[in-house]
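Below: final.pdb (PDB, C-alpha atoms and all ligand atoms)
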ATOM      1  CA  MET A 241     -24.864  -5.124  17.498
ATOM      2  CA  VAL A 242     -22.320  -5.053  14.666
ATOM      3  CA  GLU A 243     -19.555  -7.593  15.087
ATOM      4  CA  ILE A 244     -16.165  -6.628  13.730
ATOM      5  CA  CYS A 245     -13.202  -8.891  13.455
ATOM      6  CA  ILE A 246      -9.703  -7.442  13.134
ATOM      7  CA  ILE A 247      -7.311  -9.947  11.608
ATOM      8  CA  TYR A 248      -3.640  -9.399  12.389
ATOM      9  CA  ASP A 249      -0.345 -11.228  12.468
ATOM     10  CA  LYS A 250       1.588  -8.575  14.385
ATOM     11  CA  LEU A 251      -0.199  -6.165  16.701
ATOM     12  CA  ARG A 252       0.889  -2.692  15.698
ATOM     13  CA  PHE A 253      -0.351   0.728  16.783
ATOM     14  CA  GLU A 254      -3.049   0.542  14.080
ATOM     15  CA  GLU A 255      -4.620  -2.775  15.100
ATOM     16  CA  ARG A 256      -4.663  -1.722  18.766
ATOM     17  CA  ALA A 257      -6.173   1.655  17.859
ATOM     18  CA  LEU A 258      -8.881  -0.042  15.791
ATOM     19  CA  TYR A 259      -9.703  -2.503  18.567
ATOM     20  CA  ASP A 260      -9.750   0.118  21.325
ATOM     21  CA  LYS A 261     -11.931   2.431  19.261
ATOM     22  CA  ALA A 262     -14.321  -0.421  18.394
ATOM     23  CA  ILE A 263     -14.784  -1.179  22.096
ATOM     24  CA  LYS A 264     -15.381   2.544  22.774
ATOM     25  CA  LYS A 265     -17.997   2.551  20.016
ATOM     26  CA  ASN A 266     -19.744  -0.370  21.691
ATOM     27  CA  LEU A 267     -19.042  -2.718  18.820
ATOM     28  CA  ASN A 268     -18.596  -6.391  19.375
ATOM     29  CA  ALA A 269     -14.920  -6.545  18.344
ATOM     30  CA  GLN A 270     -12.497  -9.431  18.172
ATOM     31  CA  LEU A 271      -8.791  -9.532  17.418
ATOM     32  CA  ILE A 272      -7.896 -12.679  15.485
ATOM     33  CA  ASP A 273      -4.330 -13.865  14.967
ATOM     34  CA  ALA A 274      -4.131 -15.058  11.352
ATOM     35  CA  LYS A 275      -1.304 -17.418  12.273
ATOM     36  CA  ASN A 276      -3.667 -19.561  14.352
ATOM     37  CA  LEU A 277      -6.325 -20.120  11.680
ATOM     38  CA  ILE A 278      -6.728 -23.324   9.734
ATOM     39  CA  LEU A 279      -9.365 -23.777   7.052
ATOM     40  CA  SER A 280     -10.287 -26.392   4.497
ATOM     41  CA  THR A 281     -12.562 -27.008   1.543
ATOM     42  CA  SER A 282     -15.136 -28.401   3.993
ATOM     43  CA  SER A 283     -15.005 -25.375   6.281
ATOM     44  CA  ARG A 284     -18.292 -23.544   6.725
ATOM     45  CA  LYS A 285     -18.917 -19.949   7.652
ATOM     46  CA  SER A 286     -20.659 -21.115  10.816
ATOM     47  CA  ASP A 287     -17.481 -22.930  11.961
ATOM     48  CA  LEU A 288     -16.003 -19.500  12.630
ATOM     49  CA  GLN A 289     -17.692 -16.876  14.773
ATOM     50  CA  PHE A 290     -16.265 -13.887  12.966
ATOM     51  CA  GLY A 291     -19.333 -11.662  12.837
ATOM     52  CA  GLY A 292     -20.467  -9.313  10.129
ATOM     53  CA  ILE A 293     -17.297  -7.800   8.782
ATOM     54  CA  LEU A 294     -13.578  -8.515   8.796
ATOM     55  CA  LEU A 295     -10.760  -6.016   8.619
ATOM     56  CA  GLN A 296      -7.733  -7.648   7.028
ATOM     57  CA  ARG A 297      -4.706  -6.108   8.777
ATOM     58  CA  THR A 298      -1.868  -8.610   8.417
ATOM     59  CA  VAL A 299       1.643  -7.272   7.874
ATOM     60  CA  SER A 300       2.519 -10.224   5.656
ATOM     61  CA  TYR A 301       1.097  -9.536   2.214
ATOM     62  CA  PHE A 302       0.688 -13.137   1.091
ATOM     63  CA  ARG A 303      -0.719 -14.276   4.427
ATOM     64  CA  GLY A 304      -3.396 -11.589   4.275
ATOM     65  CA  LEU A 305      -4.176 -12.100   0.624
ATOM     66  CA  TYR A 306      -4.691 -15.863   0.709
ATOM     67  CA  LEU A 307      -6.506 -15.791   4.004
ATOM     68  CA  THR A 308      -8.860 -13.198   2.501
ATOM     69  CA  SER A 309      -9.443 -15.550  -0.411
ATOM     70  CA  CYS A 310     -10.449 -18.345   2.014
ATOM     71  CA  LEU A 311     -12.676 -16.062   4.076
ATOM     72  CA  GLU A 312     -14.446 -14.708   1.012
ATOM     73  CA  PHE A 313     -14.945 -18.308  -0.132
ATOM     74  CA  LEU A 314     -16.766 -18.941   3.158
ATOM     75  CA  GLY A 315     -18.997 -15.939   2.504
ATOM     76  CA  TYR A 316     -17.391 -13.336   4.751
ATOM     77  CA  LYS A 317     -17.111  -9.694   3.775
ATOM     78  CA  VAL A 318     -13.463  -8.656   4.037
ATOM     79  CA  ILE A 319     -12.010  -5.148   3.806
ATOM     80  CA  ASN A 320     -10.073  -4.746   1.635
ATOM     81  CA  ASN A 321     -11.367  -7.475  -0.604
ATOM     82  CA  PHE A 322      -9.143  -9.978  -2.430
ATOM     83  CA  ASN A 323      -9.207  -8.134  -5.752
ATOM     84  CA  VAL A 324      -8.109  -4.833  -4.242
ATOM     85  CA  GLY A 325      -5.411  -6.609  -2.215
ATOM     86  CA  GLU A 326      -4.067  -8.380  -5.247
ATOM     87  CA  ILE A 327      -3.819  -5.164  -7.266
ATOM     88  CA  CYS A 328      -2.351  -2.946  -4.544
ATOM     89  CA  GLY A 329       0.089  -5.518  -3.198
ATOM     90  CA  ASN A 330       1.898  -5.660  -6.503
ATOM     91  CA  LYS A 331       3.528  -2.516  -7.853
ATOM     92  CA  LEU A 332       3.463  -3.697 -11.460
ATOM     93  CA  VAL A 333      -0.252  -4.460 -11.387
ATOM     94  CA  THR A 334      -0.951  -1.173  -9.568
ATOM     95  CA  SER A 335       0.968   0.831 -12.177
ATOM     96  CA  LEU A 336      -1.012  -0.827 -14.954
ATOM     97  CA  HIS A 337      -4.322   0.080 -13.296
ATOM     98  CA  LEU A 338      -3.206   3.672 -12.727
ATOM     99  CA  ALA A 339      -2.081   4.025 -16.342
ATOM    100  CA  LYS A 340      -5.233   2.405 -17.685
ATOM    101  CA  HIS A 341      -7.368   4.929 -15.792
ATOM    102  CA  HIS A 342      -5.193   7.869 -16.891
ATOM    103  CA  ILE A 343      -4.013   8.683 -13.374
ATOM    104  CA  PRO A 344      -0.750  10.672 -13.535
ATOM    105  CA  THR A 345       1.990   8.235 -12.482
ATOM    106  CA  PRO A 346       5.761   8.009 -13.013
ATOM    107  CA  GLU A 347       6.916   6.468 -16.288
ATOM    108  CA  THR A 348       7.582   2.830 -15.470
ATOM    109  CA  GLY A 349       9.120   0.003 -17.472
ATOM    110  CA  PHE A 350       8.737  -3.728 -17.021
ATOM    111  CA  ALA A 351      11.220  -6.393 -18.091
ATOM    112  CA  PHE A 352      11.267 -10.145 -17.750
ATOM    113  CA  SER A 353      14.941 -11.103 -18.036
ATOM    114  CA  ALA A 354      18.374  -9.664 -17.195
ATOM    115  CA  GLU A 355      18.830  -8.726 -20.844
ATOM    116  CA  GLY A 356      15.425  -7.035 -20.878
ATOM    117  CA  ALA A 357      16.230  -5.107 -17.681
ATOM    118  CA  ARG A 358      19.495  -3.799 -19.145
ATOM    119  CA  LYS A 359      17.724  -2.820 -22.365
ATOM    120  CA  MET A 360      14.984  -1.009 -20.449
ATOM    121  CA  LEU A 361      17.509   0.823 -18.256
ATOM    122  CA  ASN A 362      19.449   1.948 -21.323
ATOM    123  CA  LYS A 363      16.245   3.118 -22.939
ATOM    124  CA  MET A 364      15.018   5.028 -19.874
ATOM    125  CA  GLY A 365      18.464   6.358 -18.929
ATOM    126  CA  TYR A 366      19.879   7.285 -15.530
ATOM    127  CA  PRO A 367      19.082   8.003 -12.796
ATOM    128  CA  ALA A 368      16.373   5.343 -12.518
ATOM    129  CA  VAL A 369      14.708   3.475  -9.694
ATOM    130  CA  LEU A 370      14.509  -0.303  -9.372
ATOM    131  CA  LYS A 371      11.838  -1.725  -7.085
ATOM    132  CA  PRO A 372      10.686  -5.161  -5.987
ATOM    133  CA  LEU A 373       7.181  -5.935  -7.262
ATOM    134  CA  ILE A 374       6.022  -6.741  -3.752
ATOM    135  CA  GLY A 375       7.284  -5.023  -0.624
ATOM    136  CA  SER A 376       6.910  -1.999   1.597
ATOM    137  CA  TRP A 377       8.699   0.361   3.992
ATOM    138  CA  GLY A 378      11.115   1.252   1.179
ATOM    139  CA  ARG A 379      12.887  -2.103   1.367
ATOM    140  CA  GLY A 380      14.708  -3.016  -1.831
ATOM    141  CA  VAL A 381      13.866   0.311  -3.530
ATOM    142  CA  PHE A 382      17.127   1.328  -5.224
ATOM    143  CA  PRO A 383      18.069   4.616  -6.826
ATOM    144  CA  ILE A 384      20.368   3.658  -9.726
ATOM    145  CA  ARG A 385      22.633   6.433 -10.905
ATOM    146  CA  ASP A 386      24.868   4.644 -13.431
ATOM    147  CA  GLU A 387      25.187   1.567 -15.605
ATOM    148  CA  GLU A 388      27.835  -0.037 -13.414
ATOM    149  CA  THR A 389      25.486  -0.116 -10.406
ATOM    150  CA  ALA A 390      22.616  -1.253 -12.651
ATOM    151  CA  ASN A 391      24.598  -4.271 -13.864
ATOM    152  CA  ILE A 392      25.491  -5.326 -10.339
ATOM    153  CA  LEU A 393      21.891  -4.998  -9.172
ATOM    154  CA  VAL A 394      20.553  -6.990 -12.105
ATOM    155  CA  GLU A 395      23.200  -9.658 -11.468
ATOM    156  CA  THR A 396      22.174  -9.853  -7.806
ATOM    157  CA  ARG A 397      18.508 -10.101  -8.758
ATOM    158  CA  GLU A 398      19.280 -12.940 -11.196
ATOM    159  CA  GLU A 399      21.089 -14.926  -8.480
ATOM    160  CA  ASN A 400      18.167 -14.606  -6.107
ATOM    161  CA  GLY A 401      16.138 -17.844  -5.811
ATOM    162  CA  ASN A 402      12.838 -15.960  -5.725
ATOM    163  CA  ALA A 403      11.231 -16.010  -9.188
ATOM    164  CA  LEU A 404       9.675 -12.563  -8.589
ATOM    165  CA  SER A 405      13.100 -10.985  -8.243
ATOM    166  CA  ARG A 406      13.644 -11.724 -11.946
ATOM    167  CA  ILE A 407      10.683  -9.590 -12.969
ATOM    168  CA  TYR A 408      11.945  -6.028 -13.250
ATOM    169  CA  TYR A 409      10.059  -2.876 -12.305
ATOM    170  CA  ILE A 410      12.083   0.120 -13.432
ATOM    171  CA  GLN A 411      10.886   3.663 -12.883
ATOM    172  CA  GLU A 412      12.073   7.079 -13.941
ATOM    173  CA  MET A 413      13.516   9.003 -11.003
ATOM    174  CA  VAL A 414      11.047  11.744 -10.205
ATOM    175  CA  GLU A 415      12.505  15.184  -9.508
ATOM    176  CA  ARG A 416      10.779  15.912  -6.245
ATOM    177  CA  PRO A 417      11.366  17.707  -2.950
ATOM    178  CA  PRO A 418      12.709  15.484  -0.111
ATOM    179  CA  ARG A 419       9.177  14.417   0.770
ATOM    180  CA  ASP A 420       6.166  12.562  -0.581
ATOM    181  CA  VAL A 421       2.445  12.799   0.119
ATOM    182  CA  ARG A 422       0.459  10.061   1.854
ATOM    183  CA  CYS A 423      -3.319  10.289   1.656
ATOM    184  CA  ILE A 424      -5.629   8.039   3.600
ATOM    185  CA  VAL A 425      -8.772   7.149   1.701
ATOM    186  CA  VAL A 426     -11.763   5.592   3.421
ATOM    187  CA  ASP A 427     -14.704   4.744   1.210
ATOM    188  CA  ASP A 428     -14.822   7.670  -1.213
ATOM    189  CA  ASN A 429     -13.239  10.287   1.061
ATOM    190  CA  VAL A 430      -9.696  11.519   1.528
ATOM    191  CA  ILE A 431      -9.775  11.711   5.313
ATOM    192  CA  THR A 432      -6.272  13.051   5.834
ATOM    193  CA  ALA A 433      -3.074  13.861   3.963
ATOM    194  CA  ILE A 434       0.470  14.183   5.239
ATOM    195  CA  TYR A 435       3.895  14.996   3.889
ATOM    196  CA  ARG A 436       6.560  12.491   4.760
ATOM    197  CA  TYR A 437      10.105  13.805   4.824
ATOM    198  CA  SER A 438      13.275  11.748   4.355
ATOM    199  CA  PRO A 439      15.536  11.585   7.390
ATOM    200  CA  GLY A 440      18.895  13.390   6.880
ATOM    201  CA  ASN A 441      20.984  10.824   5.011
ATOM    202  CA  GLU A 442      18.167   8.933   3.292
ATOM    203  CA  TRP A 443      16.625   9.328  -0.143
ATOM    204  CA  ARG A 444      13.461   7.326   0.586
ATOM    205  CA  THR A 445      10.694   9.119   2.463
ATOM    206  CA  ASN A 446       9.062   6.175   4.264
ATOM    207  CA  VAL A 447       8.163   6.853   7.896
ATOM    208  CA  ALA A 448       9.508   3.349   8.590
ATOM    209  CA  MET A 449      12.948   4.681   7.544
ATOM    210  CA  GLY A 450      12.715   7.316  10.267
ATOM    211  CA  GLY A 451      11.175  10.074   8.150
ATOM    212  CA  LYS A 452       9.009  12.679   9.850
ATOM    213  CA  ALA A 453       5.370  13.501   9.101
ATOM    214  CA  GLU A 454       3.657  16.860   8.678
ATOM    215  CA  LYS A 455       0.029  17.643   7.922
ATOM    216  CA  ALA A 456      -0.689  18.503   4.273
ATOM    217  CA  THR A 457      -3.608  20.484   2.878
ATOM    218  CA  ILE A 458      -6.104  18.504   0.828
ATOM    219  CA  THR A 459      -6.438  20.719  -2.241
ATOM    220  CA  ASN A 460      -9.130  20.051  -4.849
ATOM    221  CA  GLU A 461      -6.438  18.814  -7.212
ATOM    222  CA  LEU A 462      -5.032  16.393  -4.628
ATOM    223  CA  GLU A 463      -8.477  15.122  -3.686
ATOM    224  CA  ASP A 464      -9.445  14.558  -7.301
ATOM    225  CA  ILE A 465      -6.353  12.601  -8.280
ATOM    226  CA  VAL A 466      -6.347  10.541  -5.065
ATOM    227  CA  LEU A 467      -9.998   9.553  -5.335
ATOM    228  CA  ARG A 468      -9.572   8.644  -8.981
ATOM    229  CA  ALA A 469      -6.530   6.547  -8.065
ATOM    230  CA  ALA A 470      -8.406   4.805  -5.237
ATOM    231  CA  ARG A 471     -11.353   4.030  -7.518
ATOM    232  CA  SER A 472      -9.013   2.689 -10.206
ATOM    233  CA  VAL A 473      -7.955  -0.169  -7.904
ATOM    234  CA  GLY A 474     -11.432  -0.884  -6.538
ATOM    235  CA  GLY A 475     -11.625   1.396  -3.468
ATOM    236  CA  GLY A 476     -11.850   0.573   0.230
ATOM    237  CA  ILE A 477      -9.405   1.637   2.935
ATOM    238  CA  LEU A 478      -6.272   2.732   1.150
ATOM    239  CA  GLY A 479      -3.057   4.707   1.519
ATOM    240  CA  VAL A 480      -2.480   6.568  -1.738
ATOM    241  CA  ASP A 481       1.114   7.834  -2.074
ATOM    242  CA  LEU A 482       2.163  10.613  -4.418
ATOM    243  CA  MET A 483       5.295  12.488  -5.389
ATOM    244  CA  GLU A 484       5.415  16.125  -6.426
ATOM    245  CA  ASP A 485       7.223  16.245  -9.749
ATOM    246  CA  ARG A 486       8.907  19.597 -10.431
ATOM    247  CA  SER A 487       7.253  20.085 -13.803
ATOM    248  CA  ARG A 488       4.276  17.699 -13.948
ATOM    249  CA  GLY A 489       2.942  18.127 -10.404
ATOM    250  CA  LEU A 490       1.320  15.264  -8.530
ATOM    251  CA  LEU A 491       2.099  11.693  -9.586
ATOM    252  CA  VAL A 492       0.649   8.657  -7.823
ATOM    253  CA  HIS A 493       3.343   6.026  -7.313
ATOM    254  CA  GLU A 494       1.822   3.555  -4.909
ATOM    255  CA  ILE A 495      -1.423   2.455  -3.249
ATOM    256  CA  ASN A 496      -1.178   0.636   0.070
ATOM    257  CA  ASN A 497      -3.737  -2.023   0.864
ATOM    258  CA  THR A 498      -3.107  -2.408   4.616
ATOM    259  CA  VAL A 499      -2.420   1.200   5.352
ATOM    260  CA  GLU A 500      -0.379   2.189   8.393
ATOM    261  CA  PHE A 501      -1.618   5.425   9.908
ATOM    262  CA  ARG A 502       0.401   6.052  13.033
ATOM    263  CA  GLY A 503       2.420   8.896  11.467
ATOM    264  CA  ALA A 504      -0.733  10.419   9.968
ATOM    265  CA  GLN A 505      -2.676  10.110  13.235
ATOM    266  CA  ASP A 506       0.096  11.937  15.127
ATOM    267  CA  VAL A 507      -0.379  15.073  13.011
ATOM    268  CA  SER A 508      -4.082  14.944  12.022
ATOM    269  CA  GLU A 509      -7.116  15.983  14.007
ATOM    270  CA  VAL A 510      -9.379  13.460  12.270
ATOM    271  CA  ASP A 511      -9.804  10.172  14.124
ATOM    272  CA  ILE A 512      -8.612   7.669  11.510
ATOM    273  CA  ALA A 513      -9.589   4.486  13.383
ATOM    274  CA  ASP A 514     -13.066   5.923  13.940
ATOM    275  CA  ALA A 515     -13.508   6.682  10.224
ATOM    276  CA  ILE A 516     -12.340   3.174   9.280
ATOM    277  CA  LEU A 517     -14.796   1.575  11.715
ATOM    278  CA  ASP A 518     -17.712   3.682  10.486
ATOM    279  CA  TYR A 519     -16.968   2.471   6.975
ATOM    280  CA  ALA A 520     -16.718  -1.141   8.168
ATOM    281  CA  ILE A 521     -20.130  -0.806   9.873
ATOM    282  CA  LYS A 522     -21.603   0.599   6.668
ATOM    283  CA  ILE A 523     -20.289  -2.365   4.657
ATOM    284  CA  ALA A 524     -21.419  -4.848   7.312
ATOM    285  CA  LYS A 525     -24.955  -3.475   7.070
ATOM    286  CA  SER A 526     -25.012  -3.294   3.273
TER     287      SER A 526
HETATM  288  N1  LIG B   1      10.509   7.054  -9.011
HETATM  289  C1  LIG B   1      10.904   7.631  -7.877
HETATM  290  N2  LIG B   1      11.514   8.852  -7.891
HETATM  291  C2  LIG B   1      11.919   9.435  -6.733
HETATM  292  N3  LIG B   1      11.761   8.860  -5.520
HETATM  293  C3  LIG B   1      11.177   7.652  -5.433
HETATM  294  C4  LIG B   1      10.718   6.980  -6.616
HETATM  295  N4  LIG B   1      10.158   5.824  -6.252
HETATM  296  C5  LIG B   1      10.255   5.745  -4.910
HETATM  297  N5  LIG B   1      10.876   6.844  -4.403
HETATM  298  C6  LIG B   1      11.149   7.078  -2.966
HETATM  299  O1  LIG B   1      11.294   5.817  -2.325
HETATM  300  C7  LIG B   1      10.224   5.606  -1.369
HETATM  301  C8  LIG B   1       9.789   4.158  -1.380
HETATM  302  O2  LIG B   1       9.255   3.818  -2.653
HETATM  303  P1  LIG B   1       7.827   3.142  -2.825
HETATM  304  O3  LIG B   1       7.589   2.940  -4.266
HETATM  305  O4  LIG B   1       6.831   3.946  -2.087
HETATM  306  O5  LIG B   1       8.043   1.707  -2.129
HETATM  307  P2  LIG B   1       7.511   1.102  -0.743
HETATM  308  O6  LIG B   1       6.315   0.322  -1.112
HETATM  309  O7  LIG B   1       8.599   0.216  -0.245
HETATM  310  O8  LIG B   1       7.183   2.242   0.173
HETATM  311  C9  LIG B   1       9.148   6.597  -1.793
HETATM  312  O9  LIG B   1       8.334   6.946  -0.701
HETATM  313  C10 LIG B   1       9.957   7.775  -2.313
HETATM  314  O10 LIG B   1      10.446   8.564  -1.263
HETATM  315 MG    MG B   2       5.801   3.716  -0.272
END
Let's see the structure in the file written out as structure tokens.
Amino acid sequence: MVEICIIYDKLRFEERALYDKAIKKNLNAQLIDAKNLILSTSSRKSDLQFGGILLQRTVSYFRGLYLTSCLEFLGYKVINNFNVGEICGNKLVTSLHLAKHHIPTPETGFAFSAEGARKMLNKMGYPAVLKPLIGSWGRGVFPIRDEETANILVETREENGNALSRIYYIQEMVERPPRDVRCIVVDDNVITAIYRYSPGNEWRTNVAMGGKAEKATITNELEDIVLRAARSVGGGILGVDLMEDRSRGLLVHEINNTVEFRGAQDVSEVDIADAILDYAIKIAKS
């Protein structure tokens, strides 16, 4: 019997759905709280009874990433693997992979000092979008409409004690409808796609900001760009997010490594947890 271990730090809809579905599929499933694990250089795979495959589902990016590193060191198969997690968790690194593989993506600038950020913003012009390198749910994603606001934001970033806040990720503002497209990729399939709409007074379209979801059609064009994007970061179980630019069409702006699928599940007929588990079983047996 395939043993599946779901690693979490906060039990959300997704981790419960995966566990419940695994039990229904007669899998030997365990839920493991990442916060309780301790490991060392003398740890052995046999010290842990984690079975054939691990689904890394922590909310905390760094917790998941470094725990994955330890588990891979012990010889466990983890989905998504460390390399994919490291690329997708960081918007700068993701953008570089997308660009390298010629995936249509918004024009994005990188700067490494306050002076550099101001120079880049002047070069790209306004409006622009400033984002933290690491983060989700739209937190810290700022639309910047003028130089005055830009200067204040850069000043605030410089005062922040976190070294990453002084690395600047500056993106053109895409002219898009008040929605974006979230595609869930499992293995080499786009299993569902949804539109996410901004709530009334909000520019960001994250469901976590209260936006609503609606089923989207998976056109050949969408499927092609999404699968190419997923492959460009190493594949696995991914949430590929796109914007619909008025003149250029679909642009991939983000790839999520620990994809939330509650909003997508609400409006899709496909069973997302089931598809994820089938993929995990395939990897466990490979
Ligand atoms: N360059 C952009 N142009 C227009 N809207 C954007 C741009 N970048 C982000 N947004 C909006 O902000 C939301 C959050 O940005 P995103 O890059 O997805 O960060 P997060 O990882 O926090 O979700 C997007 O879903 C989109 O609605
Ligand atoms: Mg996003």
Around the point (-6.3, 15.2, -0.2) in the file's coordinates, collect all residues with an atom within 10 Å, using all atoms listed in the file, and return them as a tab-separated table (two decimals) with C-alpha atoms, keeping the file's coordinate frame.
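Output below, filename part18.tsv:
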chain	number	residue	atom	x	y	z
A	421	VAL	CA	2.44	12.80	0.12
A	422	ARG	CA	0.46	10.06	1.85
A	423	CYS	CA	-3.32	10.29	1.66
A	424	ILE	CA	-5.63	8.04	3.60
A	425	VAL	CA	-8.77	7.15	1.70
A	429	ASN	CA	-13.24	10.29	1.06
A	430	VAL	CA	-9.70	11.52	1.53
A	431	ILE	CA	-9.78	11.71	5.31
A	432	THR	CA	-6.27	13.05	5.83
A	433	ALA	CA	-3.07	13.86	3.96
A	434	ILE	CA	0.47	14.18	5.24
A	456	ALA	CA	-0.69	18.50	4.27
A	457	THR	CA	-3.61	20.48	2.88
A	458	ILE	CA	-6.10	18.50	0.83
A	459	THR	CA	-6.44	20.72	-2.24
A	460	ASN	CA	-9.13	20.05	-4.85
A	461	GLU	CA	-6.44	18.81	-7.21
A	462	LEU	CA	-5.03	16.39	-4.63
A	463	GLU	CA	-8.48	15.12	-3.69
A	464	ASP	CA	-9.44	14.56	-7.30
A	465	ILE	CA	-6.35	12.60	-8.28
A	466	VAL	CA	-6.35	10.54	-5.07
A	467	LEU	CA	-10.00	9.55	-5.34
A	480	VAL	CA	-2.48	6.57	-1.74
Residues of chain A that have any atom at most 7 Å from an atom of ligand LIG 1 (chain B): could you tabulate them with the shortest-distance atom pair and the distance in Å to one decimal, using all atoms listed in the file, ordered by chain and increasing number, as a tab-separated table?
residue	atom	partner	partner_atom	distance
A:Pro346	CA	B:LIG1	N1	6.3
A:Val369	CA	B:LIG1	N1	5.6
A:Lys371	CA	B:LIG1	O3	6.9
A:Gly375	CA	B:LIG1	O7	5.4
A:Ser376	CA	B:LIG1	O7	3.3
A:Trp377	CA	B:LIG1	O7	4.2
A:Gly378	CA	B:LIG1	O7	3.1
A:Arg379	CA	B:LIG1	O7	5.1
A:Val381	CA	B:LIG1	O2	5.9
A:Gln411	CA	B:LIG1	N1	5.2
A:Glu412	CA	B:LIG1	N1	5.2
A:Met413	CA	B:LIG1	N2	3.7
A:Val414	CA	B:LIG1	N2	3.7
A:Glu415	CA	B:LIG1	C2	6.4
A:Arg416	CA	B:LIG1	C2	6.6
A:Arg419	CA	B:LIG1	O10	6.3
A:Asp420	CA	B:LIG1	O10	5.9
A:Trp443	CA	B:LIG1	O10	6.3
A:Arg444	CA	B:LIG1	O10	3.7
A:Thr445	CA	B:LIG1	O10	3.8
A:Asn446	CA	B:LIG1	O9	5.1
A:Asp481	CA	B:LIG1	O4	6.9
A:His493	CA	B:LIG1	O3	6.1
A:Glu494	CA	B:LIG1	O4	5.8
(message) When you count all atoms listed in the file, which of these residues is closest to Lys525 of chain A: A:Ile272, A:Ile293, A:Ala339, A:Ile246?
(response)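 Of the candidates, the smallest distance to Lys525 of chain A is held by A:Ile293.
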(request) Give me, please, the distance in Å between atom CA of Gly479 of chain A and atom CA of Val499 of chain A, quoted to one decimal. (result)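 Atom CA of Val499 of chain A lies 5.2 Å from atom CA of Gly479 of chain A.
Residues surrounding Ile244 of chain A within 7 Å are Asn268, Ala269, Gln270, Gly291, Gly292, Ile293 and Leu294 of chain A [all atoms listed in the file; sequence separation below 6 positions excluded].
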Selected residues written out, C-alpha atoms, as a PDB file, keeping the file's coordinate frame:
ATOM      1  CA  ASN A 268     -18.596  -6.391  19.375  1.00  0.00           C
ATOM      2  CA  ALA A 269     -14.920  -6.545  18.344  1.00  0.00           C
ATOM      3  CA  GLN A 270     -12.497  -9.431  18.172  1.00  0.00           C
ATOM      4  CA  GLY A 291     -19.333 -11.662  12.837  1.00  0.00           C
ATOM      5  CA  GLY A 292     -20.467  -9.313  10.129  1.00  0.00           C
ATOM      6  CA  ILE A 293     -17.297  -7.800   8.782  1.00  0.00           C
ATOM      7  CA  LEU A 294     -13.578  -8.515   8.796  1.00  0.00           C
TER       8      LEU A 294
END
Residues within 8 Å of segment 472-476 of chain A, all atoms listed in the file, excluding chain neighbours under 4 positions, as a PDB file with C-alpha atoms, in the frame of the given file:
ATOM      1  CA  ILE A 319     -12.010  -5.148   3.806  1.00  0.00           C
ATOM      2  CA  ASN A 320     -10.073  -4.746   1.635  1.00  0.00           C
ATOM      3  CA  ASN A 323      -9.207  -8.134  -5.752  1.00  0.00           C
ATOM      4  CA  VAL A 324      -8.109  -4.833  -4.242  1.00  0.00           C
ATOM      5  CA  ILE A 327      -3.819  -5.164  -7.266  1.00  0.00           C
ATOM      6  CA  CYS A 328      -2.351  -2.946  -4.544  1.00  0.00           C
ATOM      7  CA  THR A 334      -0.951  -1.173  -9.568  1.00  0.00           C
ATOM      8  CA  HIS A 337      -4.322   0.080 -13.296  1.00  0.00           C
ATOM      9  CA  LEU A 338      -3.206   3.672 -12.727  1.00  0.00           C
ATOM     10  CA  HIS A 341      -7.368   4.929 -15.792  1.00  0.00           C
ATOM     11  CA  VAL A 425      -8.772   7.149   1.701  1.00  0.00           C
ATOM     12  CA  VAL A 426     -11.763   5.592   3.421  1.00  0.00           C
ATOM     13  CA  ASP A 427     -14.704   4.744   1.210  1.00  0.00           C
ATOM     14  CA  ASP A 428     -14.822   7.670  -1.213  1.00  0.00           C
ATOM     15  CA  ARG A 468      -9.572   8.644  -8.981  1.00  0.00           C
TER      16      ARG A 468
END
(request) Could you check which of A:Tyr435, A:Gly356, A:Tyr316, A:Cys245 is closest to Val507 of chain A, using all atoms listed in the file? (result) A:Tyr435
(request) Would you mind reading off the distance between atom CA of Leu361 of chain A and atom CA of Gly380 of chain A, one decimal, in Å? (result)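 Computing the Euclidean distance for atom CA of Leu361 of chain A and atom CA of Gly380 of chain A yields 17.1 Å.
Counting all atoms listed in the file, the residue from A:Gly329, A:Phe253, A:Asn362, A:Glu395 that sits nearest to Gly503 of chain A is A:Phe253.
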(request) Using only C-alpha atoms, find the one residue out of A:Asn441, A:Ser282, A:Ser353, A:Gln296 that sits nearest to Tyr408 of chain A. (result) A:Ser353
(message) Quick one: residues within 12 Å of Arg256 of chain A, all atoms listed in the file, excluding same-chain residues fewer than 2 positions away - as a list in words?
(response)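 Counting only the stated atoms, we get Ile246, Ile247, Tyr248, Lys250, Leu251, Arg252, Phe253, Glu254, Leu258, Tyr259, Asp260, Lys261, Ala262, Ile263, Ala269, Gln270, Leu271, Ile272, Arg297, Glu500, Phe501, Arg502 and Ala513 of chain A.
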Please, could you write that set of residues out with C-alpha atoms as a short mmCIF file (atom, residue, chain, number, x, y, z; two decimals), in the coordinates of the input?
data_model
loop_
_atom_site.label_atom_id
_atom_site.label_comp_id
_atom_site.auth_asym_id
_atom_site.auth_seq_id
_atom_site.Cartn_x
_atom_site.Cartn_y
_atom_site.Cartn_z
CA ILE A 246 -9.70 -7.44 13.13
CA ILE A 247 -7.31 -9.95 11.61
CA TYR A 248 -3.64 -9.40 12.39
CA LYS A 250 1.59 -8.57 14.38
CA LEU A 251 -0.20 -6.16 16.70
CA ARG A 252 0.89 -2.69 15.70
CA PHE A 253 -0.35 0.73 16.78
CA GLU A 254 -3.05 0.54 14.08
CA LEU A 258 -8.88 -0.04 15.79
CA TYR A 259 -9.70 -2.50 18.57
CA ASP A 260 -9.75 0.12 21.32
CA LYS A 261 -11.93 2.43 19.26
CA ALA A 262 -14.32 -0.42 18.39
CA ILE A 263 -14.78 -1.18 22.10
CA ALA A 269 -14.92 -6.54 18.34
CA GLN A 270 -12.50 -9.43 18.17
CA LEU A 271 -8.79 -9.53 17.42
CA ILE A 272 -7.90 -12.68 15.48
CA ARG A 297 -4.71 -6.11 8.78
CA GLU A 500 -0.38 2.19 8.39
CA PHE A 501 -1.62 5.42 9.91
CA ARG A 502 0.40 6.05 13.03
CA ALA A 513 -9.59 4.49 13.38
#
